[in-house]
There are 2 protein chains.
Amino acid sequence: MIFTQEDFNILLGQIRLLDEMIMEQAQTRLDNLTKPQGSLGKLESLARRVCGIQQTLVPDTENKKILTFAADHGVAAEGVSSFPSEVTRQMVFNFLRGGAGVNVLARHVGAEVRVIDVGVAGEVSGEGLLCRKVKAGTDNLARGPAMKVDEALAAIGVGVQTAREAIEDGANMLGTGEMGIANTTPSAAMLAVLLEVEPEEITGRGTGIDDAALHHKIFVIKKGIEVNKKQCGSPLEILACLGGLEIAAICGMILECARSRVPVVVDGFISSAAALTAIKMKAEVADYCFFSHMSAEHGHRLFFEKIGQAPLLDLGMRLGEGTGAALAMGIIDAGVKIMNEMATFDEAGVSAG
Amino acid sequence: MIFTQEDFNILLGQIRLLDEMIMEQAQTRLDNLTKPQGSLGKLESLARRVCGIQQTLVPDTENKKILTFAADHGVAAEGVSSFPSEVTRQMVFNFLRGGAGVNVLARHVGAEVRVIDVGVAGEVSGEGLLCRKVKAGTDNLARGPAMKVDEALAAIGVGVQTAREAIEDGANMLGTGEMGIANTTPSAAMLAVLLEVEPEEITGRGTGIDDAALHHKIFVIKKGIEVNKKQCGSPLEILACLGGLEIAAICGMILECARSRVPVVVDGFISSAAALTAIKMKAEVADYCFFSHMSAEHGHRLFFEKIGQAPLLDLGMRLGEGTGAALAMGIIDAGVKIMNEMATFDEAGVSAG
């Protein structure tokens, strides 16, 4: 699929604000349910926001799908991960067989997992795999741009298209997910530039590297930022120079959710880099994003401080794949059910306070 | 049902430690699953603890039941709540019809709600209601003991019996819940004594009282502690003098879960007062308790600081009923499924790091 700069501009132009009038009406209903006002906390604000997104007082987030994009990273050659690159491909098979963390947690909350190859280095196929490979892994961001802008646009297009297909198949809430050995490196590099912080502050241990490897990882990220700084102006250029194919696809998926007025649940550290890129491309996108959890990856806390938001969960997780998104989807769905299923004071014959 | 001091002593004597050997074996399995070690954070520690409780490497928390105990409080006469006492009875009907917050959230996580009248002031009946009334509400704790010790023991016995029935009916995870207008007052009074803190530090706005009413509530709690201090030595006596019938029942339910080696999920502020009482009666009980969430009720944060624990969720909720327990049960069940359903590196043919 070709996704051009013009398609990209049209997409951004079609993203709208939330429906404030519906949200006010939703608040009135929430205040009439049989509970002290506001006593269900975030469950209520989640429900209200879903109403504003879906433009209805009977929101629905039952049909959940998680899109897990897999891709490899040229920067893995610098030795920034404790796992070898072939694990990306091996984990794709694990996803397809249903044995990975995201499969278990998605089943638990009643979500479907769709696995998309947007840039795995090796040959990969299997029942259920969506083959949308843009290229066989990015180039090494420490030596030059990870992608050409056209390649980044193509990967964004894969995310847009995959999200549209999921929505056409009935999804009314999507979750982001990814697999890509070394992908905390591009994510930290992107976030350092997007948030204007030092790489030391935002870089963590990923799958579990030691102190020496962390030191080296920060060095690689600094080098990548330096090497690419001249062509790294717009969010799209930052994504191309420092990002990854799966990160670009998640960015596209989030933009499509905002255009289609579908709540999108942002997984962890890597997905946050994609989400912030989408938000920098179009500020209105922020209202469609539900940040799922505080990753144990160092830097995620600073990310939330900088964007002035708090995630739903904080369970010390740092696996990615869409695992945090899955759990948070369960919580958002709970809020939506509160809105739809709780009795009002009148209906229940309960005295208001 | 008669529940004597001797029954109580036997119960405490039958509570054992967790199975450390099983927990070590569980950790080995968790470390072999296809993820970086420890990357599922609290989901892993939850699974490990359930293994230690249930003494198995294939834990099961699928059959979830929430026990919601309802009772009234003599201290409501002091004007400590923004809702009238009859709301306790009205909400029981709401529970039985399935329209309350706990019903919605329990359905969401696949849990059954059992509603028990352990001390509602008015006449109350309906399909599904368990009638185990010990007395028609407590006496006013600001003027003397809320209950005689025998009454507190009887209410503990109701909790023990109801938990046993639920376990005999197949429950392998229980959640606590309560309904009782004014019951943040006895809970704060108990916690002030149990944690040795000032009533100002632990007392909050409950269903939503204003500053003047909060000031008065603190005064009432101080008076209650002063009036009862001579007969308020043991945890059982503190429960009798300052507690409530539903709080005593939850305490009994938690003790029975510990004896029967069933994980018990502690709801919010009121359930925390019951749980701490049970833990003060027998320290080993702590390992069987899963604290579900940080209530927005002022004082709950101090409670967790003092006991040195962190709850699973922090969603700004303060409804009680078992709503927080319901959501946390979903998270614990997710951890158990990770243990049971994820593939190992060997099974999936994935290279370890």
# chains A, B, ... in the order shown; residues from 1 in each chain; ligands from 1

call {"tool": "closest_atom_pairs", "arguments": {"of": "chain A", "to": "chain B", "cutoff": "6 Å", "atoms": "only C-alpha atoms", "output": "Markdown table"}}
result
| residue | atom | partner | partner_atom | distance |
| --- | --- | --- | --- | --- |
| A:Pro36 | CA | B:Thr207 | CA | 5.5 |
| A:Ser39 | CA | B:Arg318 | CA | 4.9 |
| A:Leu40 | CA | B:Met317 | CA | 4.5 |
| A:Gly41 | CA | B:Gly316 | CA | 4.4 |
| A:Lys42 | CA | B:Leu315 | CA | 5.3 |
| A:Ser82 | CA | B:Gly353 | CA | 5.4 |
| A:Phe83 | CA | B:Gly353 | CA | 4.5 |
| A:Gln90 | CA | B:Val350 | CA | 5.5 |
| A:Asn94 | CA | B:Ala348 | CA | 5.9 |
| A:Gly99 | CA | B:Ala343 | CA | 4.7 |
| A:Ala100 | CA | B:Met342 | CA | 5.6 |
| A:Thr207 | CA | B:Pro36 | CA | 5.5 |
| A:Leu315 | CA | B:Lys42 | CA | 5.3 |
| A:Gly316 | CA | B:Gly41 | CA | 4.4 |
| A:Met317 | CA | B:Leu40 | CA | 4.5 |
| A:Arg318 | CA | B:Ser39 | CA | 4.9 |
| A:Leu319 | CA | B:Ser39 | CA | 5.2 |
| A:Met342 | CA | B:Gly99 | CA | 4.9 |
| A:Ala343 | CA | B:Gly99 | CA | 4.7 |
| A:Ala348 | CA | B:Asn94 | CA | 5.9 |
| A:Val350 | CA | B:Gln90 | CA | 5.5 |
| A:Gly353 | CA | B:Phe83 | CA | 4.4 |

call {"tool": "residues_around", "arguments": {"residues": "B:Gly144", "least_positions_apart": "2", "cutoff": "6 Å", "atoms": "only C-alpha atoms", "output": "PyMOL selection string"}}
result
chain B and resi 141-142+227-228

call {"tool": "write_last_selection", "arguments": {"atoms": "N, CA and C atoms", "output": "PDB file, in the first residue's frame"}}
result
ATOM      1  N   LEU B 141     -21.453   4.093  69.060  1.00  0.00           N
ATOM      2  CA  LEU B 141     -20.105   3.964  69.637  1.00  0.00           C
ATOM      3  C   LEU B 141     -19.639   5.239  70.325  1.00  0.00           C
ATOM      4  N   ALA B 142     -20.304   6.337  70.073  1.00  0.00           N
ATOM      5  CA  ALA B 142     -19.932   7.586  70.743  1.00  0.00           C
ATOM      6  C   ALA B 142     -20.437   7.625  72.183  1.00  0.00           C
ATOM      7  N   VAL B 227     -14.647   7.221  75.346  1.00  0.00           N
ATOM      8  CA  VAL B 227     -15.707   6.525  76.089  1.00  0.00           C
ATOM      9  C   VAL B 227     -15.399   5.038  76.246  1.00  0.00           C
ATOM     10  N   ASN B 228     -14.775   4.454  75.201  1.00  0.00           N
ATOM     11  CA  ASN B 228     -14.580   3.001  75.179  1.00  0.00           C
ATOM     12  C   ASN B 228     -13.192   2.544  75.618  1.00  0.00           C
TER      13      ASN B 228
END

call {"tool": "residues_around", "arguments": {"residues": "stretch 194-199 of chain A", "least_positions_apart": "5", "cutoff": "9 Å", "atoms": "only C-alpha atoms", "output": "list in words"}}
result
Ala188, Ala189, Ile218, Phe219, Ile221, Lys222, Pro235, Ile238, Ala273, Leu276, Thr277, Lys280, Phe303, Lys306 and Ile307 of chain A

call {"tool": "atom_distance", "arguments": {"atom1": "atom CA of A:Gly180", "atom2": "atom CA of B:Arg29"}}
result
24.2 Å

call {"tool": "residues_around", "arguments": {"residues": "A:His73", "least_positions_apart": "6", "cutoff": "12 Å", "atoms": "only C-alpha atoms", "output": "JSON, numbers by chain"}}
result
{"A": [79, 80, 81, 84, 85, 86, 87, 88, 118, 119, 120, 121, 122, 135, 136, 137, 138, 139, 140, 141, 142, 145, 146, 147, 179, 180, 181, 182, 183, 184, 185, 186, 187, 242, 243, 244, 245, 246, 247]}

call {"tool": "write_last_selection", "arguments": {"atoms": "N, CA, C and O atoms", "output": "short mmCIF file (atom, residue, chain, number, x, y, z; two decimals), in the first residue's frame"}}
result
data_model
loop_
_atom_site.label_atom_id
_atom_site.label_comp_id
_atom_site.auth_asym_id
_atom_site.auth_seq_id
_atom_site.Cartn_x
_atom_site.Cartn_y
_atom_site.Cartn_z
N GLY A 79 24.83 -3.78 19.81
CA GLY A 79 24.85 -4.50 21.09
C GLY A 79 24.11 -3.79 22.20
O GLY A 79 24.58 -3.70 23.34
N VAL A 80 22.91 -3.29 21.89
CA VAL A 80 22.14 -2.53 22.88
C VAL A 80 21.10 -3.39 23.61
O VAL A 80 20.43 -2.92 24.52
N SER A 81 20.94 -4.66 23.21
CA SER A 81 19.93 -5.52 23.85
C SER A 81 20.57 -6.78 24.40
O SER A 81 21.62 -7.22 23.92
N PRO A 84 19.21 -11.64 21.25
CA PRO A 84 19.61 -11.52 19.83
C PRO A 84 18.41 -11.15 18.95
O PRO A 84 17.26 -11.48 19.29
N SER A 85 18.67 -10.53 17.81
CA SER A 85 17.61 -10.06 16.91
C SER A 85 16.67 -11.16 16.46
O SER A 85 15.48 -10.90 16.21
N GLU A 86 17.16 -12.40 16.34
CA GLU A 86 16.28 -13.46 15.82
C GLU A 86 15.08 -13.70 16.74
O GLU A 86 14.10 -14.33 16.33
N VAL A 87 15.15 -13.19 17.98
CA VAL A 87 14.03 -13.37 18.91
C VAL A 87 12.77 -12.65 18.41
O VAL A 87 11.65 -13.10 18.67
N THR A 88 12.95 -11.58 17.65
CA THR A 88 11.77 -10.89 17.08
C THR A 88 10.94 -11.90 16.27
O THR A 88 9.73 -12.04 16.47
N VAL A 118 5.65 -5.76 10.00
CA VAL A 118 5.85 -4.51 9.27
C VAL A 118 7.33 -4.31 8.94
O VAL A 118 7.70 -3.39 8.23
N GLY A 119 8.18 -5.26 9.46
CA GLY A 119 9.60 -5.08 9.17
C GLY A 119 10.52 -6.06 9.88
O GLY A 119 11.61 -5.68 10.32
N VAL A 120 10.10 -7.32 9.98
CA VAL A 120 10.96 -8.32 10.60
C VAL A 120 12.10 -8.65 9.63
O VAL A 120 11.88 -8.73 8.42
N ALA A 121 13.31 -8.84 10.18
CA ALA A 121 14.48 -9.04 9.32
C ALA A 121 14.42 -10.34 8.53
O ALA A 121 14.66 -10.35 7.33
N GLY A 122 14.07 -11.43 9.17
CA GLY A 122 14.06 -12.71 8.46
C GLY A 122 12.71 -12.99 7.79
O GLY A 122 11.75 -12.24 7.93
N LYS A 135 10.17 -2.93 4.99
CA LYS A 135 11.54 -3.34 4.69
C LYS A 135 12.02 -4.27 5.80
O LYS A 135 11.38 -4.36 6.86
N ALA A 136 13.11 -4.97 5.56
CA ALA A 136 13.54 -6.02 6.49
C ALA A 136 14.35 -5.44 7.65
O ALA A 136 15.52 -5.72 7.84
N GLY A 137 13.68 -4.62 8.46
CA GLY A 137 14.36 -3.97 9.58
C GLY A 137 14.88 -2.60 9.17
O GLY A 137 15.14 -2.34 7.99
N THR A 138 15.02 -1.72 10.16
CA THR A 138 15.53 -0.38 9.88
C THR A 138 17.03 -0.42 9.66
O THR A 138 17.70 -1.42 9.96
N ASP A 139 17.57 0.69 9.17
CA ASP A 139 19.02 0.86 9.14
C ASP A 139 19.48 1.27 10.54
O ASP A 139 18.65 1.57 11.41
N ASN A 140 20.78 1.26 10.74
CA ASN A 140 21.35 1.53 12.06
C ASN A 140 21.32 3.04 12.35
O ASN A 140 22.07 3.82 11.75
N LEU A 141 20.47 3.43 13.28
CA LEU A 141 20.27 4.86 13.56
C LEU A 141 21.52 5.53 14.13
O LEU A 141 21.61 6.77 14.15
N ALA A 142 22.46 4.74 14.59
CA ALA A 142 23.70 5.33 15.11
C ALA A 142 24.63 5.77 13.97
O ALA A 142 25.60 6.50 14.21
N PRO A 145 20.08 7.86 9.17
CA PRO A 145 18.64 7.72 9.41
C PRO A 145 18.23 6.24 9.48
O PRO A 145 18.71 5.44 8.67
N ALA A 146 17.36 5.91 10.41
CA ALA A 146 16.84 4.54 10.51
C ALA A 146 15.99 4.22 9.29
O ALA A 146 16.00 3.09 8.78
N MET A 147 15.26 5.21 8.81
CA MET A 147 14.39 5.03 7.63
C MET A 147 14.45 6.30 6.79
O MET A 147 14.69 7.39 7.31
N MET A 179 6.67 -5.80 18.99
CA MET A 179 7.77 -6.71 19.27
C MET A 179 8.90 -6.30 18.35
O MET A 179 8.71 -6.18 17.14
N GLY A 180 10.07 -6.08 18.92
CA GLY A 180 11.21 -5.70 18.09
C GLY A 180 12.43 -5.60 18.97
O GLY A 180 12.59 -4.63 19.71
N ILE A 181 13.29 -6.62 18.90
CA ILE A 181 14.48 -6.60 19.74
C ILE A 181 15.24 -5.30 19.48
O ILE A 181 15.42 -4.89 18.34
N ALA A 182 15.64 -4.65 20.56
CA ALA A 182 16.38 -3.37 20.57
C ALA A 182 15.47 -2.15 20.50
O ALA A 182 15.98 -1.02 20.48
N ASN A 183 14.15 -2.33 20.51
CA ASN A 183 13.31 -1.16 20.23
C ASN A 183 13.14 -0.17 21.39
O ASN A 183 12.54 0.89 21.19
N THR A 184 13.68 -0.44 22.57
CA THR A 184 13.72 0.65 23.56
C THR A 184 14.77 1.70 23.17
O THR A 184 14.69 2.84 23.61
N THR A 185 15.74 1.30 22.34
CA THR A 185 16.78 2.26 21.91
C THR A 185 16.20 3.36 21.01
O THR A 185 16.33 4.55 21.33
N PRO A 186 15.55 3.03 19.89
CA PRO A 186 14.92 4.10 19.10
C PRO A 186 13.87 4.87 19.91
O PRO A 186 13.76 6.09 19.75
N SER A 187 13.13 4.18 20.77
CA SER A 187 12.09 4.87 21.54
C SER A 187 12.70 5.92 22.45
O SER A 187 12.21 7.06 22.54
N LEU A 242 15.08 8.35 13.78
CA LEU A 242 15.42 7.70 15.06
C LEU A 242 14.47 6.57 15.44
O LEU A 242 14.69 5.90 16.44
N GLY A 243 13.40 6.38 14.68
CA GLY A 243 12.35 5.45 15.11
C GLY A 243 12.51 4.05 14.59
O GLY A 243 13.62 3.56 14.36
N GLY A 244 11.37 3.38 14.42
CA GLY A 244 11.35 2.00 13.94
C GLY A 244 10.10 1.79 13.13
O GLY A 244 9.15 2.59 13.21
N LEU A 245 10.10 0.72 12.37
CA LEU A 245 8.94 0.46 11.50
C LEU A 245 7.69 0.17 12.31
O LEU A 245 6.60 0.61 11.96
N GLU A 246 7.84 -0.59 13.42
CA GLU A 246 6.67 -0.88 14.26
C GLU A 246 6.21 0.36 15.02
O GLU A 246 5.02 0.53 15.28
N ILE A 247 7.17 1.24 15.34
CA ILE A 247 6.81 2.48 16.05
C ILE A 247 6.03 3.39 15.09
O ILE A 247 5.01 3.98 15.48
#

call {"tool": "closest_residue", "arguments": {"among": "B:Lys65, B:His293, B:Arg48, B:Arg16", "to": "B:Asp31", "atoms": "only C-alpha atoms"}}
result
B:Arg48

call {"tool": "closest_residue", "arguments": {"among": "A:Thr162, A:Ser271, A:Gln55, A:Thr176", "to": "A:Ala325", "atoms": "only C-alpha atoms"}}
result
A:Thr176

call {"tool": "residues_around", "arguments": {"residues": "A:Gln309", "least_positions_apart": "3", "cutoff": "12 Å", "atoms": "only C-alpha atoms", "output": "VMD selection string"}}
result
chain A and resid 272 276 286 to 287 289 to 294 300 to 306 312

call {"tool": "select_by_dssp", "arguments": {"residues": "stretch 154-328 of chain B", "states": "helix (DSSP H, G or I)", "output": "PyMOL selection string"}}
result
chain B and resi 154-168+184-195+199-202+211-231+235-242+245-260+269-281+283-288+300-307+323-328

call {"tool": "closest_residue", "arguments": {"among": "B:Ile116, B:Ala111, B:Ala213, B:Leu57", "to": "B:Val158", "atoms": "only C-alpha atoms"}}
result
B:Ile116

call {"tool": "residues_around", "arguments": {"residues": "B:Leu12", "least_positions_apart": "2", "cutoff": "10 Å", "atoms": "only C-alpha atoms", "output": "count of residues only"}}
result
18

call {"tool": "closest_residue", "arguments": {"among": "B:Met23, B:Lys223, B:Gln5, B:Ser125", "to": "B:Leu236", "atoms": "only C-alpha atoms"}}
result
B:Gln5

call {"tool": "closest_residue", "arguments": {"among": "B:Asp150, B:Glu168, B:Gln54, B:Phe69", "to": "B:Cys131", "atoms": "only C-alpha atoms"}}
result
B:Phe69

call {"tool": "select_by_dssp", "arguments": {"residues": "stretch 207-298 of chain B", "states": "strand (DSSP E or B)", "output": "MDAnalysis selection string"}}
result
chainID B and resid 264:266 289:291 293

call {"tool": "closest_residue", "arguments": {"among": "B:Gly74, B:Gly170, B:Gly299, B:Pro59", "to": "B:Glu201", "atoms": "only C-alpha atoms"}}
result
B:Gly299

call {"tool": "residues_around", "arguments": {"residues": "A:Glu165", "least_positions_apart": "5", "cutoff": "12 Å", "atoms": "only C-alpha atoms", "output": "ChimeraX atom specification"}}
result
/A:65,67,114,130,158-160,170-172,174,253,256-257,260
